[in-house]
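upload.pdb follows; it contains PDB, C-alpha atoms and all ligand atoms.
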MODEL        1
ATOM      1  CA  MET E 737     104.380 105.364 119.586  1.00  0.00           C
ATOM      2  CA  LYS E 738     102.126 104.945 116.531  1.00  0.00           C
ATOM      3  CA  LEU E 739      99.573 102.140 116.972  1.00  0.00           C
ATOM      4  CA  GLY E 740      98.602 100.147 113.872  1.00  0.00           C
ATOM      5  CA  ARG E 741      95.555  98.009 113.147  1.00  0.00           C
ATOM      6  CA  LEU E 742      94.080  95.301 115.329  1.00  0.00           C
ATOM      7  CA  ASN E 743      95.675  92.159 113.863  1.00  0.00           C
ATOM      8  CA  HIS E 744      93.828  89.438 115.756  1.00  0.00           C
ATOM      9  CA  ILE E 745      91.753  88.450 118.738  1.00  0.00           C
ATOM     10  CA  GLY E 746      93.237  85.483 120.577  1.00  0.00           C
ATOM     11  CA  VAL E 747      90.734  82.904 121.778  1.00  0.00           C
ATOM     12  CA  ALA E 748      91.915  80.118 124.090  1.00  0.00           C
ATOM     13  CA  VAL E 749      90.229  76.790 123.409  1.00  0.00           C
ATOM     14  CA  PRO E 750      90.419  73.417 125.159  1.00  0.00           C
ATOM     15  CA  ASP E 751      89.819  71.439 121.939  1.00  0.00           C
ATOM     16  CA  MET E 752      91.124  72.819 118.629  1.00  0.00           C
ATOM     17  CA  GLN E 753      89.117  70.517 116.360  1.00  0.00           C
ATOM     18  CA  ALA E 754      85.863  71.295 118.182  1.00  0.00           C
ATOM     19  CA  ALA E 755      86.645  75.035 117.984  1.00  0.00           C
ATOM     20  CA  LEU E 756      87.357  74.861 114.235  1.00  0.00           C
ATOM     21  CA  ALA E 757      84.109  72.971 113.653  1.00  0.00           C
ATOM     22  CA  TYR E 758      82.247  75.652 115.633  1.00  0.00           C
ATOM     23  CA  TYR E 759      83.709  78.575 113.654  1.00  0.00           C
ATOM     24  CA  ARG E 760      83.310  76.824 110.286  1.00  0.00           C
ATOM     25  CA  ASP E 761      79.934  75.121 110.690  1.00  0.00           C
ATOM     26  CA  ILE E 762      78.043  77.344 113.150  1.00  0.00           C
ATOM     27  CA  MET E 763      79.590  80.776 112.583  1.00  0.00           C
ATOM     28  CA  GLY E 764      80.279  80.439 108.847  1.00  0.00           C
ATOM     29  CA  ALA E 765      83.865  81.621 109.251  1.00  0.00           C
ATOM     30  CA  GLN E 766      86.746  80.583 106.989  1.00  0.00           C
ATOM     31  CA  VAL E 767      89.677  78.553 108.274  1.00  0.00           C
ATOM     32  CA  ILE E 768      92.641  80.401 106.757  1.00  0.00           C
ATOM     33  CA  THR E 769      95.447  78.549 108.554  1.00  0.00           C
ATOM     34  CA  GLU E 770      95.111  74.922 109.618  1.00  0.00           C
ATOM     35  CA  PRO E 771      96.404  74.093 113.137  1.00  0.00           C
ATOM     36  CA  PHE E 772     100.146  73.988 113.665  1.00  0.00           C
ATOM     37  CA  ASP E 773     102.338  73.687 116.763  1.00  0.00           C
ATOM     38  CA  LEU E 774     104.446  76.534 118.112  1.00  0.00           C
ATOM     39  CA  PRO E 775     106.409  74.643 120.807  1.00  0.00           C
ATOM     40  CA  GLU E 776     108.489  77.697 121.745  1.00  0.00           C
ATOM     41  CA  GLN E 777     105.210  79.533 122.551  1.00  0.00           C
ATOM     42  CA  GLY E 778     103.606  76.500 124.200  1.00  0.00           C
ATOM     43  CA  VAL E 779     100.525  76.589 121.981  1.00  0.00           C
ATOM     44  CA  LYS E 780      98.857  74.949 119.007  1.00  0.00           C
ATOM     45  CA  VAL E 781      97.462  77.704 116.772  1.00  0.00           C
ATOM     46  CA  ALA E 782      95.016  78.122 113.886  1.00  0.00           C
ATOM     47  CA  PHE E 783      93.496  81.202 112.256  1.00  0.00           C
ATOM     48  CA  VAL E 784      89.938  81.794 111.104  1.00  0.00           C
ATOM     49  CA  ASN E 785      88.701  84.793 109.141  1.00  0.00           C
ATOM     50  CA  THR E 786      85.267  86.400 109.135  1.00  0.00           C
ATOM     51  CA  PRO E 787      83.664  86.819 105.671  1.00  0.00           C
ATOM     52  CA  ASP E 788      81.854  89.940 104.406  1.00  0.00           C
ATOM     53  CA  ALA E 789      78.330  89.925 102.917  1.00  0.00           C
ATOM     54  CA  HIS E 790      79.720  88.504  99.648  1.00  0.00           C
ATOM     55  CA  GLY E 791      81.643  85.721 101.339  1.00  0.00           C
ATOM     56  CA  GLU E 792      84.976  87.481 100.830  1.00  0.00           C
ATOM     57  CA  PRO E 793      87.451  87.476 103.729  1.00  0.00           C
ATOM     58  CA  THR E 794      87.411  90.721 105.704  1.00  0.00           C
ATOM     59  CA  GLY E 795      90.891  90.422 107.172  1.00  0.00           C
ATOM     60  CA  THR E 796      89.526  90.226 110.703  1.00  0.00           C
ATOM     61  CA  GLN E 797      91.379  87.285 112.197  1.00  0.00           C
ATOM     62  CA  ILE E 798      90.568  85.148 115.186  1.00  0.00           C
ATOM     63  CA  GLU E 799      93.547  83.233 116.524  1.00  0.00           C
ATOM     64  CA  LEU E 800      92.563  79.964 118.164  1.00  0.00           C
ATOM     65  CA  ILE E 801      95.121  78.755 120.700  1.00  0.00           C
ATOM     66  CA  GLU E 802      95.146  75.418 122.493  1.00  0.00           C
ATOM     67  CA  PRO E 803      97.639  74.600 125.271  1.00  0.00           C
ATOM     68  CA  LEU E 804     100.655  72.607 124.120  1.00  0.00           C
ATOM     69  CA  GLY E 805     102.214  70.878 127.094  1.00  0.00           C
ATOM     70  CA  GLU E 806     101.802  71.372 130.832  1.00  0.00           C
ATOM     71  CA  SER E 807     103.961  74.507 130.956  1.00  0.00           C
ATOM     72  CA  SER E 808     101.882  76.297 128.321  1.00  0.00           C
ATOM     73  CA  PRO E 809     101.324  80.009 129.215  1.00  0.00           C
ATOM     74  CA  ILE E 810      97.604  79.431 128.635  1.00  0.00           C
ATOM     75  CA  ALA E 811      97.297  76.337 130.860  1.00  0.00           C
ATOM     76  CA  GLY E 812      96.243  78.463 133.854  1.00  0.00           C
ATOM     77  CA  PHE E 813      93.692  80.372 131.759  1.00  0.00           C
ATOM     78  CA  ILE E 814      92.087  77.131 130.535  1.00  0.00           C
ATOM     79  CA  ALA E 815      92.099  75.733 134.086  1.00  0.00           C
ATOM     80  CA  LYS E 816      90.148  78.831 135.203  1.00  0.00           C
ATOM     81  CA  ASN E 817      87.987  78.863 132.057  1.00  0.00           C
ATOM     82  CA  PRO E 818      87.463  75.220 131.049  1.00  0.00           C
ATOM     83  CA  ALA E 819      85.208  76.132 128.119  1.00  0.00           C
ATOM     84  CA  GLY E 820      87.857  78.558 126.797  1.00  0.00           C
ATOM     85  CA  GLY E 821      87.374  82.277 126.217  1.00  0.00           C
ATOM     86  CA  GLN E 822      88.691  85.534 124.803  1.00  0.00           C
ATOM     87  CA  HIS E 823      92.361  85.573 125.776  1.00  0.00           C
ATOM     88  CA  HIS E 824      94.239  88.497 124.176  1.00  0.00           C
ATOM     89  CA  LEU E 825      94.116  91.384 121.717  1.00  0.00           C
ATOM     90  CA  CYS E 826      96.961  91.852 119.227  1.00  0.00           C
ATOM     91  CA  TYR E 827      97.844  95.241 117.750  1.00  0.00           C
ATOM     92  CA  GLU E 828     100.334  95.919 114.978  1.00  0.00           C
ATOM     93  CA  VAL E 829     103.154  98.440 115.167  1.00  0.00           C
ATOM     94  CA  GLU E 830     105.745  99.458 112.571  1.00  0.00           C
ATOM     95  CA  ASP E 831     108.722  99.274 114.945  1.00  0.00           C
ATOM     96  CA  ILE E 832     108.642  96.627 117.684  1.00  0.00           C
ATOM     97  CA  GLU E 833     111.665  97.951 119.592  1.00  0.00           C
ATOM     98  CA  ALA E 834     110.278 101.502 119.655  1.00  0.00           C
ATOM     99  CA  ALA E 835     106.973 100.099 120.962  1.00  0.00           C
ATOM    100  CA  ARG E 836     108.750  98.072 123.651  1.00  0.00           C
ATOM    101  CA  GLU E 837     110.630 101.182 124.732  1.00  0.00           C
ATOM    102  CA  TRP E 838     107.396 103.213 124.803  1.00  0.00           C
ATOM    103  CA  PHE E 839     105.477 100.764 126.996  1.00  0.00           C
ATOM    104  CA  THR E 840     108.468 100.400 129.307  1.00  0.00           C
ATOM    105  CA  THR E 841     108.628 104.167 129.808  1.00  0.00           C
ATOM    106  CA  GLN E 842     104.869 104.088 130.562  1.00  0.00           C
ATOM    107  CA  GLY E 843     105.523 101.638 133.412  1.00  0.00           C
ATOM    108  CA  LYS E 844     103.766  98.716 131.708  1.00  0.00           C
ATOM    109  CA  ARG E 845     105.026  95.227 132.551  1.00  0.00           C
ATOM    110  CA  ILE E 846     106.357  93.357 129.513  1.00  0.00           C
ATOM    111  CA  LEU E 847     106.027  89.587 129.799  1.00  0.00           C
ATOM    112  CA  GLY E 848     109.267  87.991 128.656  1.00  0.00           C
ATOM    113  CA  PRO E 849     111.467  88.731 125.681  1.00  0.00           C
ATOM    114  CA  THR E 850     110.507  89.849 122.206  1.00  0.00           C
ATOM    115  CA  ARG E 851     110.039  86.659 120.169  1.00  0.00           C
ATOM    116  CA  ILE E 852     108.811  85.516 116.768  1.00  0.00           C
ATOM    117  CA  GLY E 853     105.046  85.028 116.610  1.00  0.00           C
ATOM    118  CA  ALA E 854     102.679  83.044 114.430  1.00  0.00           C
ATOM    119  CA  HIS E 855     102.923  85.586 111.559  1.00  0.00           C
ATOM    120  CA  GLY E 856     106.721  85.305 111.506  1.00  0.00           C
ATOM    121  CA  THR E 857     107.299  88.800 112.913  1.00  0.00           C
ATOM    122  CA  PRO E 858     108.516  89.914 116.364  1.00  0.00           C
ATOM    123  CA  ILE E 859     105.945  90.068 119.177  1.00  0.00           C
ATOM    124  CA  PHE E 860     105.785  90.793 122.904  1.00  0.00           C
ATOM    125  CA  PHE E 861     103.053  90.685 125.550  1.00  0.00           C
ATOM    126  CA  LEU E 862     101.906  93.254 128.134  1.00  0.00           C
ATOM    127  CA  HIS E 863     100.490  92.247 131.509  1.00  0.00           C
ATOM    128  CA  PRO E 864      96.655  92.313 131.586  1.00  0.00           C
ATOM    129  CA  LYS E 865      96.621  94.062 134.986  1.00  0.00           C
ATOM    130  CA  ASP E 866      98.382  97.073 133.375  1.00  0.00           C
ATOM    131  CA  MET E 867      96.157  97.098 130.269  1.00  0.00           C
ATOM    132  CA  LEU E 868      92.544  97.535 131.465  1.00  0.00           C
ATOM    133  CA  GLY E 869      92.383  93.831 132.245  1.00  0.00           C
ATOM    134  CA  GLN E 870      93.312  92.766 128.707  1.00  0.00           C
ATOM    135  CA  LEU E 871      96.358  90.667 127.924  1.00  0.00           C
ATOM    136  CA  THR E 872      97.832  92.683 125.049  1.00  0.00           C
ATOM    137  CA  GLU E 873     100.088  91.396 122.284  1.00  0.00           C
ATOM    138  CA  ILE E 874     102.111  93.833 120.197  1.00  0.00           C
ATOM    139  CA  MET E 875     103.387  92.561 116.841  1.00  0.00           C
ATOM    140  CA  GLU E 876     105.469  94.115 114.119  1.00  0.00           C
ATOM    141  CA  THR E 877     103.502  94.583 110.898  1.00  0.00           C
ATOM    142  CA  PRO E 878     104.469  91.911 108.360  1.00  0.00           C
ATOM    143  CA  ARG E 879     106.523  93.375 105.508  1.00  0.00           C
ATOM    144  CA  GLY E 880     104.730  93.112 102.159  1.00  0.00           C
ATOM    145  CA  GLY E 881     101.214  92.704 103.573  1.00  0.00           C
ATOM    146  CA  HIS E 882      99.371  90.047 105.506  1.00  0.00           C
TER     147      HIS E 882
HETATM  148  C1  LIG E 901     100.397  81.897 118.667  1.00  0.00           C
HETATM  149  C2  LIG E 901     101.615  82.667 118.995  1.00  0.00           C
HETATM  150  C3  LIG E 901     101.362  84.073 119.492  1.00  0.00           C
HETATM  151  C4  LIG E 901     100.959  84.950 118.315  1.00  0.00           C
HETATM  152  O1  LIG E 901     101.825  85.084 117.420  1.00  0.00           O
HETATM  153  O2  LIG E 901      99.864  85.488 118.223  1.00  0.00           O
HETATM  154  C5  LIG E 901     100.366  84.092 120.638  1.00  0.00           C
HETATM  155  O3  LIG E 901      99.383  84.755 120.688  1.00  0.00           O
HETATM  156  S1  LIG E 901     100.800  83.051 121.972  1.00  0.00           S
HETATM  157  C6  LIG E 901      99.523  83.320 123.175  1.00  0.00           C
HETATM  158  C7  LIG E 901      99.890  82.623 124.434  1.00  0.00           C
HETATM  159  N1  LIG E 901     101.028  83.245 125.062  1.00  0.00           N
HETATM  160  C8  LIG E 901     100.909  84.120 126.075  1.00  0.00           C
HETATM  161  O4  LIG E 901      99.800  84.403 126.554  1.00  0.00           O
HETATM  162  C9  LIG E 901     102.184  84.698 126.602  1.00  0.00           C
HETATM  163  C10 LIG E 901     101.936  85.800 127.629  1.00  0.00           C
HETATM  164  N2  LIG E 901     101.126  85.307 128.734  1.00  0.00           N
HETATM  165  C11 LIG E 901     101.642  85.097 129.975  1.00  0.00           C
HETATM  166  O5  LIG E 901     102.802  85.356 130.254  1.00  0.00           O
HETATM  167  C12 LIG E 901     100.691  84.497 130.998  1.00  0.00           C
HETATM  168  O6  LIG E 901      99.638  83.860 130.330  1.00  0.00           O
HETATM  169  C13 LIG E 901     100.114  85.566 131.969  1.00  0.00           C
HETATM  170  C14 LIG E 901      99.351  86.669 131.245  1.00  0.00           C
HETATM  171  C15 LIG E 901     101.239  86.173 132.838  1.00  0.00           C
HETATM  172  C16 LIG E 901      99.097  84.864 132.905  1.00  0.00           C
HETATM  173  O7  LIG E 901      99.747  83.819 133.540  1.00  0.00           O
HETATM  174  P1  LIG E 901      98.913  82.747 134.415  1.00  0.00           P
HETATM  175  O8  LIG E 901      99.922  81.886 135.059  1.00  0.00           O
HETATM  176  O9  LIG E 901      97.856  82.128 133.608  1.00  0.00           O
HETATM  177  O10 LIG E 901      98.055  83.537 135.424  1.00  0.00           O
HETATM  178  P2  LIG E 901      98.356  84.392 136.690  1.00  0.00           P
HETATM  179  O11 LIG E 901      97.669  83.745 137.815  1.00  0.00           O
HETATM  180  O12 LIG E 901      99.816  84.707 136.869  1.00  0.00           O
HETATM  181  O13 LIG E 901      97.575  85.703 136.269  1.00  0.00           O
HETATM  182  C17 LIG E 901      97.702  86.886 136.957  1.00  0.00           C
HETATM  183  C18 LIG E 901      96.367  87.613 136.835  1.00  0.00           C
HETATM  184  O14 LIG E 901      96.085  87.909 135.452  1.00  0.00           O
HETATM  185  C19 LIG E 901      94.830  87.330 135.079  1.00  0.00           C
HETATM  186  N3  LIG E 901      94.931  86.852 133.710  1.00  0.00           N
HETATM  187  C20 LIG E 901      95.629  85.791 133.295  1.00  0.00           C
HETATM  188  N4  LIG E 901      95.487  85.649 131.965  1.00  0.00           N
HETATM  189  C21 LIG E 901      94.659  86.631 131.569  1.00  0.00           C
HETATM  190  C22 LIG E 901      94.130  86.983 130.297  1.00  0.00           C
HETATM  191  N5  LIG E 901      94.429  86.284 129.203  1.00  0.00           N
HETATM  192  N6  LIG E 901      93.323  88.058 130.191  1.00  0.00           N
HETATM  193  C23 LIG E 901      93.007  88.796 131.301  1.00  0.00           C
HETATM  194  N7  LIG E 901      93.492  88.489 132.572  1.00  0.00           N
HETATM  195  C24 LIG E 901      94.296  87.416 132.669  1.00  0.00           C
HETATM  196  C25 LIG E 901      94.615  86.198 136.066  1.00  0.00           C
HETATM  197  O15 LIG E 901      93.259  85.891 136.153  1.00  0.00           O
HETATM  198  C26 LIG E 901      95.187  86.775 137.338  1.00  0.00           C
HETATM  199  O16 LIG E 901      94.246  87.658 137.896  1.00  0.00           O
HETATM  200  P3  LIG E 901      93.818  87.557 139.440  1.00  0.00           P
HETATM  201  O17 LIG E 901      93.145  86.226 139.571  1.00  0.00           O
HETATM  202  O18 LIG E 901      92.901  88.716 139.649  1.00  0.00           O
HETATM  203  O19 LIG E 901      95.093  87.669 140.227  1.00  0.00           O
HETATM  204 CO    CO E 902      98.260  86.130 119.441  1.00  0.00          CO
ENDMDL
END

Hey, can you dump this file as structure tokens for me?
Ligand SMILES: CC[C@@H](C(=O)O)C(=O)SCCNC(=O)CCNC(=O)[C@H](O)C(C)(C)COP(=O)(O)OP(=O)(O)OC[C@H]1O[C@@H](n2cnc3c(N)ncnc32)[C@H](O)[C@@H]1OP(=O)(O)O
Ligand SMILES: [Co+2]
Amino acid sequence: MKLGRLNHIGVAVPDMQAALAYYRDIMGAQVITEPFDLPEQGVKVAFVNTPDAHGEPTGTQIELIEPLGESSPIAGFIAKNPAGGQHHLCYEVEDIEAAREWFTTQGKRILGPTRIGAHGTPIFFLHPKDMLGQLTEIMETPRGGH
């Protein structure tokens, strides 16, 4: 399997508006996608981008996720980490099905089906206990850029 770039770092937050204010006003980051609900993923999501020395976006994305509903997959994480925290790493691949096959042959546990993620491309998750303690998201590279 050929691994692509790191697409985003997922950060679980208990309060989306407070998290956006923190990244914008304290960290000087840029809010590139305002919050929107992804009910099928059980999260509210927003993206912030880190600027370079000239204030231009670097392309390094932080994905803020807030639980949406009691059955949210991040409800347990927030219960254990009430202030929020770094939740997952997301890597791009060119071919999602080839990647799924690769990780399966490596004995890695895949969490649920391949589904459409926040960037509109297929994603799946790998169990943190099989991935050096890191919940790992694999996403297909968006066609025509980011
Ligand atoms: C916005 C859409 C999309 C995108 O396009 O980018 C997203 O990113 S959605 C992000 C949210 N969705 C998911 O996380 C889906 C996959 N996650 C899951 O299926 C579950 O969250 C989980 C990973 C199976 C954990 O389930 P949970 O019920 O919270 O906990 P468990 O008790 O079963 O956990 C077992 C074990 O793993 C540890 N753990 C849990 N979460 C993490 C984590 N994020 N990073 C590292 N370790 C984690 C947990 O602490 C348990 O460990 P022990 O206590 O040692 O047993
Ligand atoms: Co993600």

In Å and to one decimal, CA of Gly764 in chain E is distant from CA of Pro793 in chain E by 11.3 Å

Within 9 Å of (106.9, 89.6, 116.6) in the file's own coordinates, which protein, DNA or RNA residues have an atom, counting all atoms listed in the file? List them as a PyMOL selection string.
chain E and resi 832+850-860+874-878

Practice item. Considering all atoms listed in the file, return as a count of residues only whatever protein or nucleic-acid residues lie within 10 Å of range 771-781 of chain E, sequence-local ones (same chain, fewer than 3 positions apart) excluded. Key: 26

Nearest to ligand CO 902 (chain E), restricted to only C-alpha atoms and all ligand atoms and choosing among E:Glu833, E:Ala815, E:His744, E:Ala765, comes out as E:His744

Spell out the residues picked by the PyMOL selection byres (((chain E and resi 838-847) around 10) and not hetatm) here, as a ChimeraX atom specification.
/E:737-738,832-837,848-850,860-867,871-873

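The gap separating CA of Leu742 in chain E from CA of Phe813 in chain E is 22.2 Å, in Å to one decimal.
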
Using all atoms listed in the file, the residue out of E:Gln766, E:Thr794, E:Thr786, E:Asn743 with shortest distance to ligand LIG 901 (chain E) is E:Asn743

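As for atom C8 of ligand LIG 901 (chain E) and CA of Gly820 in chain E, they are spaced 14.2 Å apart.
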
Once you add 5 Å to each side, what are the centre and edge lengths of the axis-aligned box holding all listed atoms of range 789-798 of chain E? One decimal in Å, as JSON, if you can.
{"center_x": 84.9, "center_y": 87.9, "center_z": 107.4, "size_x": 23.0, "size_y": 15.6, "size_z": 25.5}

Using only C-alpha atoms and all ligand atoms, the shortest atom-to-atom distance to ligand LIG 901 (chain E) among E:His823, E:Arg760, E:Arg741, E:Arg879 belongs to E:His823

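Proximity of E:Thr769, E:His790, E:Leu825, E:Asn817 to ligand CO 902 (chain E), computed with only C-alpha atoms and all ligand atoms, is greatest for E:Leu825.
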
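The closest residue to ligand LIG 901 (chain E), picked from E:Leu868, E:Val784, E:Val829, E:Ala755 and counting all atoms listed in the file, is E:Leu868.
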
Ligand CO 902 (chain E) proximity check over E:Asp831, E:Met763, E:Gly791, E:Phe783, using all atoms listed in the file: winner is E:Phe783
